[in-house]
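Novice: Take a look at the following structure, please.
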Amino acid sequence: MTNRFAIFLSVFALFAFAACGNDASNSTEHEGALPHNMEQSGNTSEAENDELAAASGKSATLIAPSDLLTKIKSDTTGLLVVNFWKTDCLKCIQMQQAMQELQNKSGENKLHLLSVNLDEEKMANGVNLVLRKSGMAAEVLQVKDSDGKWRNDISGGWQGNVPAVFIKSKDGIKQFYPRDLTAEELGAMLQPLLL
């Protein structure tokens, strides 16, 4: 009985090892099949690079946190709306599109929409691919890797969760919403500030 059990374990181990595909020739094949996400190296796959090259649209500009804060403080537009987003946040992209429609209706001199990506700096190609596929027309900035202390200047205690929207009126009124907002909610919040 013991010999049969030992043989069974040996055969099972061989099948399990073969099924895992632990040899080096399989590792790159599977790596390319994985979805692009932040847990990976930050490099885009060949297919994503081809897609990025074919996609037309803007590229994100890398910006230091201090320069971003200066840009927000110095903006003199009637209403500044900053949309903070990441590539894996579909709701963020939908909110961006809703805000873009509001800007198109109001005009850029009344509503300045700024799109700020919070993905790691090494994700630049993935960020550009998402913004081009989604057709983002607003200025897109990607914050360079940092310790995150700058987020307290946006709102004390903000941990960088997205979606998040920062609003600053020409009168100096500042509002911060670190949550999902529907197109209707965004319209209801921004319309009175545009008057």
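Ordering of the structure tokens sets the chain letters (A, B, ...); residue numbers start at 1 within each chain; ligands are numbered from 1 in the order shown.
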Select from range 60-139 of chain A everything DSSP, run on the backbone, classes as strand (DSSP E), then give the selection as a VMD selection string.
Specialist: chain A and resid 61 to 63 79 to 85 111 to 117 139
Novice: Near range 108-120 of chain A, within 9 Å and counting only C-alpha atoms, which residues show up once chain neighbours fewer than 2 positions away are dropped, as an mmCIF file with N, CA and C atoms, in the first residue's frame?
Specialist:
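So selection-v3.cif came out as:
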```
data_model
loop_
_atom_site.group_PDB
_atom_site.id
_atom_site.type_symbol
_atom_site.label_atom_id
_atom_site.label_comp_id
_atom_site.auth_asym_id
_atom_site.auth_seq_id
_atom_site.Cartn_x
_atom_site.Cartn_y
_atom_site.Cartn_z
ATOM 1 N N MET A 38 -0.506 47.713 -12.725
ATOM 2 C CA MET A 38 0.567 48.305 -11.937
ATOM 3 C C MET A 38 1.438 47.279 -11.230
ATOM 4 N N GLY A 42 5.643 47.827 -15.462
ATOM 5 C CA GLY A 42 5.376 49.177 -15.942
ATOM 6 C C GLY A 42 5.619 49.293 -17.431
ATOM 7 N N ALA A 60 0.350 62.583 -21.892
ATOM 8 C CA ALA A 60 0.433 63.186 -20.571
ATOM 9 C C ALA A 60 1.802 63.828 -20.398
ATOM 10 N N LEU A 68 2.752 71.107 -9.915
ATOM 11 C CA LEU A 68 1.301 70.928 -10.017
ATOM 12 C C LEU A 68 0.586 71.866 -9.053
ATOM 13 N N ASP A 75 -3.802 79.419 -11.260
ATOM 14 C CA ASP A 75 -4.849 79.425 -12.293
ATOM 15 C C ASP A 75 -5.859 80.538 -12.009
ATOM 16 N N THR A 77 -8.577 81.127 -14.161
ATOM 17 C CA THR A 77 -9.807 80.849 -14.907
ATOM 18 C C THR A 77 -11.003 81.046 -13.981
ATOM 19 N N GLY A 78 -12.155 81.328 -14.551
ATOM 20 C CA GLY A 78 -13.358 81.484 -13.741
ATOM 21 C C GLY A 78 -13.578 80.311 -12.814
ATOM 22 N N LEU A 79 -13.362 79.097 -13.315
ATOM 23 C CA LEU A 79 -13.560 77.898 -12.516
ATOM 24 C C LEU A 79 -12.542 76.844 -12.950
ATOM 25 N N LEU A 80 -11.737 76.386 -12.011
ATOM 26 C CA LEU A 80 -10.763 75.326 -12.276
ATOM 27 C C LEU A 80 -11.314 74.029 -11.701
ATOM 28 N N VAL A 81 -11.350 72.995 -12.535
ATOM 29 C CA VAL A 81 -11.787 71.671 -12.085
ATOM 30 C C VAL A 81 -10.647 70.700 -12.367
ATOM 31 N N VAL A 82 -10.159 70.051 -11.309
ATOM 32 C CA VAL A 82 -9.054 69.104 -11.441
ATOM 33 C C VAL A 82 -9.591 67.700 -11.181
ATOM 34 N N ASN A 83 -9.471 66.844 -12.187
ATOM 35 C CA ASN A 83 -9.914 65.458 -12.061
ATOM 36 C C ASN A 83 -8.696 64.574 -11.824
ATOM 37 N N PHE A 84 -8.620 63.948 -10.645
ATOM 38 C CA PHE A 84 -7.535 63.022 -10.326
ATOM 39 C C PHE A 84 -7.987 61.614 -10.698
ATOM 40 N N TRP A 85 -7.148 60.872 -11.436
ATOM 41 C CA TRP A 85 -7.554 59.560 -11.931
ATOM 42 C C TRP A 85 -6.362 58.617 -12.062
ATOM 43 N N LYS A 86 -6.693 57.343 -12.233
ATOM 44 C CA LYS A 86 -5.711 56.291 -12.518
ATOM 45 C C LYS A 86 -6.234 55.469 -13.691
ATOM 46 N N THR A 87 -5.336 54.751 -14.343
ATOM 47 C CA THR A 87 -5.714 53.992 -15.530
ATOM 48 C C THR A 87 -6.678 52.851 -15.239
ATOM 49 N N GLN A 96 -14.331 62.168 -16.207
ATOM 50 C CA GLN A 96 -13.540 63.048 -17.068
ATOM 51 C C GLN A 96 -14.345 63.426 -18.306
ATOM 52 N N MET A 99 -17.107 65.881 -17.404
ATOM 53 C CA MET A 99 -16.563 67.215 -17.164
ATOM 54 C C MET A 99 -16.129 67.868 -18.472
ATOM 55 N N GLN A 100 -15.626 67.051 -19.397
ATOM 56 C CA GLN A 100 -15.222 67.578 -20.699
ATOM 57 C C GLN A 100 -16.430 68.156 -21.434
ATOM 58 N N LEU A 102 -19.102 69.445 -20.034
ATOM 59 C CA LEU A 102 -19.418 70.713 -19.367
ATOM 60 C C LEU A 102 -18.473 71.827 -19.822
ATOM 61 N N GLN A 103 -17.201 71.502 -19.977
ATOM 62 C CA GLN A 103 -16.244 72.502 -20.443
ATOM 63 C C GLN A 103 -16.566 72.927 -21.874
ATOM 64 N N ASN A 104 -16.947 71.967 -22.718
ATOM 65 C CA ASN A 104 -17.291 72.286 -24.102
ATOM 66 C C ASN A 104 -18.483 73.232 -24.172
ATOM 67 N N LYS A 105 -19.474 73.031 -23.296
ATOM 68 C CA LYS A 105 -20.668 73.882 -23.268
ATOM 69 C C LYS A 105 -20.356 75.268 -22.704
ATOM 70 N N SER A 106 -19.496 75.324 -21.689
ATOM 71 C CA SER A 106 -19.210 76.581 -20.991
ATOM 72 C C SER A 106 -18.135 77.417 -21.672
ATOM 73 N N LYS A 122 6.477 55.191 -14.072
ATOM 74 C CA LYS A 122 6.859 54.144 -15.032
ATOM 75 C C LYS A 122 5.677 53.695 -15.885
ATOM 76 N N MET A 123 4.472 54.120 -15.539
ATOM 77 C CA MET A 123 3.263 53.734 -16.285
ATOM 78 C C MET A 123 2.924 54.720 -17.407
ATOM 79 N N ALA A 124 3.850 55.590 -17.777
ATOM 80 C CA ALA A 124 3.569 56.665 -18.736
ATOM 81 C C ALA A 124 2.949 56.153 -20.039
ATOM 82 N N VAL A 127 -0.635 55.147 -19.433
ATOM 83 C CA VAL A 127 -1.445 56.350 -19.230
ATOM 84 C C VAL A 127 -1.786 56.973 -20.583
ATOM 85 N N MET A 136 -9.549 61.827 -24.296
ATOM 86 C CA MET A 136 -9.443 62.971 -23.387
ATOM 87 C C MET A 136 -8.864 64.156 -24.142
ATOM 88 N N ALA A 138 -8.745 67.366 -22.560
ATOM 89 C CA ALA A 138 -8.219 68.320 -21.581
ATOM 90 C C ALA A 138 -6.715 68.145 -21.430
ATOM 91 N N GLU A 139 -6.092 69.132 -20.816
ATOM 92 C CA GLU A 139 -4.681 69.028 -20.497
ATOM 93 C C GLU A 139 -4.505 67.881 -19.507
ATOM 94 N N VAL A 140 -3.557 66.979 -19.803
ATOM 95 C CA VAL A 140 -3.336 65.808 -18.955
ATOM 96 C C VAL A 140 -1.931 65.859 -18.382
ATOM 97 N N LEU A 141 -1.866 65.815 -17.065
ATOM 98 C CA LEU A 141 -0.590 65.813 -16.353
ATOM 99 C C LEU A 141 -0.470 64.516 -15.578
ATOM 100 N N GLN A 142 0.744 63.993 -15.499
ATOM 101 C CA GLN A 142 0.999 62.797 -14.695
ATOM 102 C C GLN A 142 2.002 63.177 -13.619
ATOM 103 N N VAL A 143 1.599 63.042 -12.361
ATOM 104 C CA VAL A 143 2.456 63.433 -11.241
ATOM 105 C C VAL A 143 3.629 62.463 -11.135
ATOM 106 N N LYS A 144 4.833 63.039 -11.071
ATOM 107 C CA LYS A 144 6.038 62.213 -10.921
ATOM 108 C C LYS A 144 6.013 61.525 -9.567
ATOM 109 N N ASP A 145 6.648 60.357 -9.506
ATOM 110 C CA ASP A 145 6.698 59.599 -8.253
ATOM 111 C C ASP A 145 7.145 60.503 -7.104
ATOM 112 N N GLY A 160 -4.983 59.750 -1.693
ATOM 113 C CA GLY A 160 -4.766 59.524 -3.119
ATOM 114 C C GLY A 160 -5.783 58.587 -3.741
ATOM 115 N N VAL A 162 -9.022 57.455 -5.723
ATOM 116 C CA VAL A 162 -9.711 58.027 -6.884
ATOM 117 C C VAL A 162 -11.001 57.264 -7.119
ATOM 118 N N LEU A 194 -20.455 78.611 -12.317
ATOM 119 C CA LEU A 194 -20.154 79.178 -13.638
ATOM 120 C C LEU A 194 -20.887 80.500 -13.879
#
```
Novice: Could you tell me how far CA of Gln94 in chain A lies from CA of Thr61 in chain A, in Å and to one decimal?
Specialist: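 Going from CA of Gln94 in chain A over to CA of Thr61 in chain A covers 20.9 Å.
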Novice: Can you list every residue of range 97-154 of chain A that has an atom at most 12 Å from range 176-183 of chain A, with its nearest atom pair and the distance in Å to one decimal, using only C-alpha atoms, ordered by chain then number, as a tab-separated table?
Specialist:
```
residue	atom	partner	partner_atom	distance
A:Gln97	CA	A:Ala183	CA	8.9
A:Ala98	CA	A:Ala183	CA	5.4
A:Met99	CA	A:Ala183	CA	7.6
A:Gln100	CA	A:Ala183	CA	10.4
A:Glu101	CA	A:Ala183	CA	9.4
A:Leu102	CA	A:Ala183	CA	9.2
A:Arg151	CA	A:Phe176	CA	11.5
A:Asn152	CA	A:Phe176	CA	11.6
A:Asp153	CA	A:Phe176	CA	11.2
A:Ile154	CA	A:Phe176	CA	7.7
```
Novice: Quick one: distance from CA of Leu90 in chain A to CA of Pro65 in chain A in Å, one decimal?
Specialist: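 CA of Pro65 in chain A lies 23.9 Å from CA of Leu90 in chain A.
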Novice: Nearest to Ala137 in chain A among A:Ile93, A:Asn161, A:Ile173, A:Ser45, with distances taken over only C-alpha atoms: which residue is it?
Specialist: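 Answer, going by the shortest atom-to-atom distance: A:Ile93.
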Novice: Record the distance separating CA of Phe166 in chain A and CA of Glu121 in chain A, expressed in Å with one decimal.
Specialist: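 So the two atoms, CA of Phe166 in chain A and CA of Glu121 in chain A, lie 21.6 Å apart.
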Novice: Between A:Ala47, A:Ile72, A:Leu195, A:Ala64, which one has atoms that come closest to Gly172 in chain A, using only C-alpha atoms?
Specialist: A:Ile72
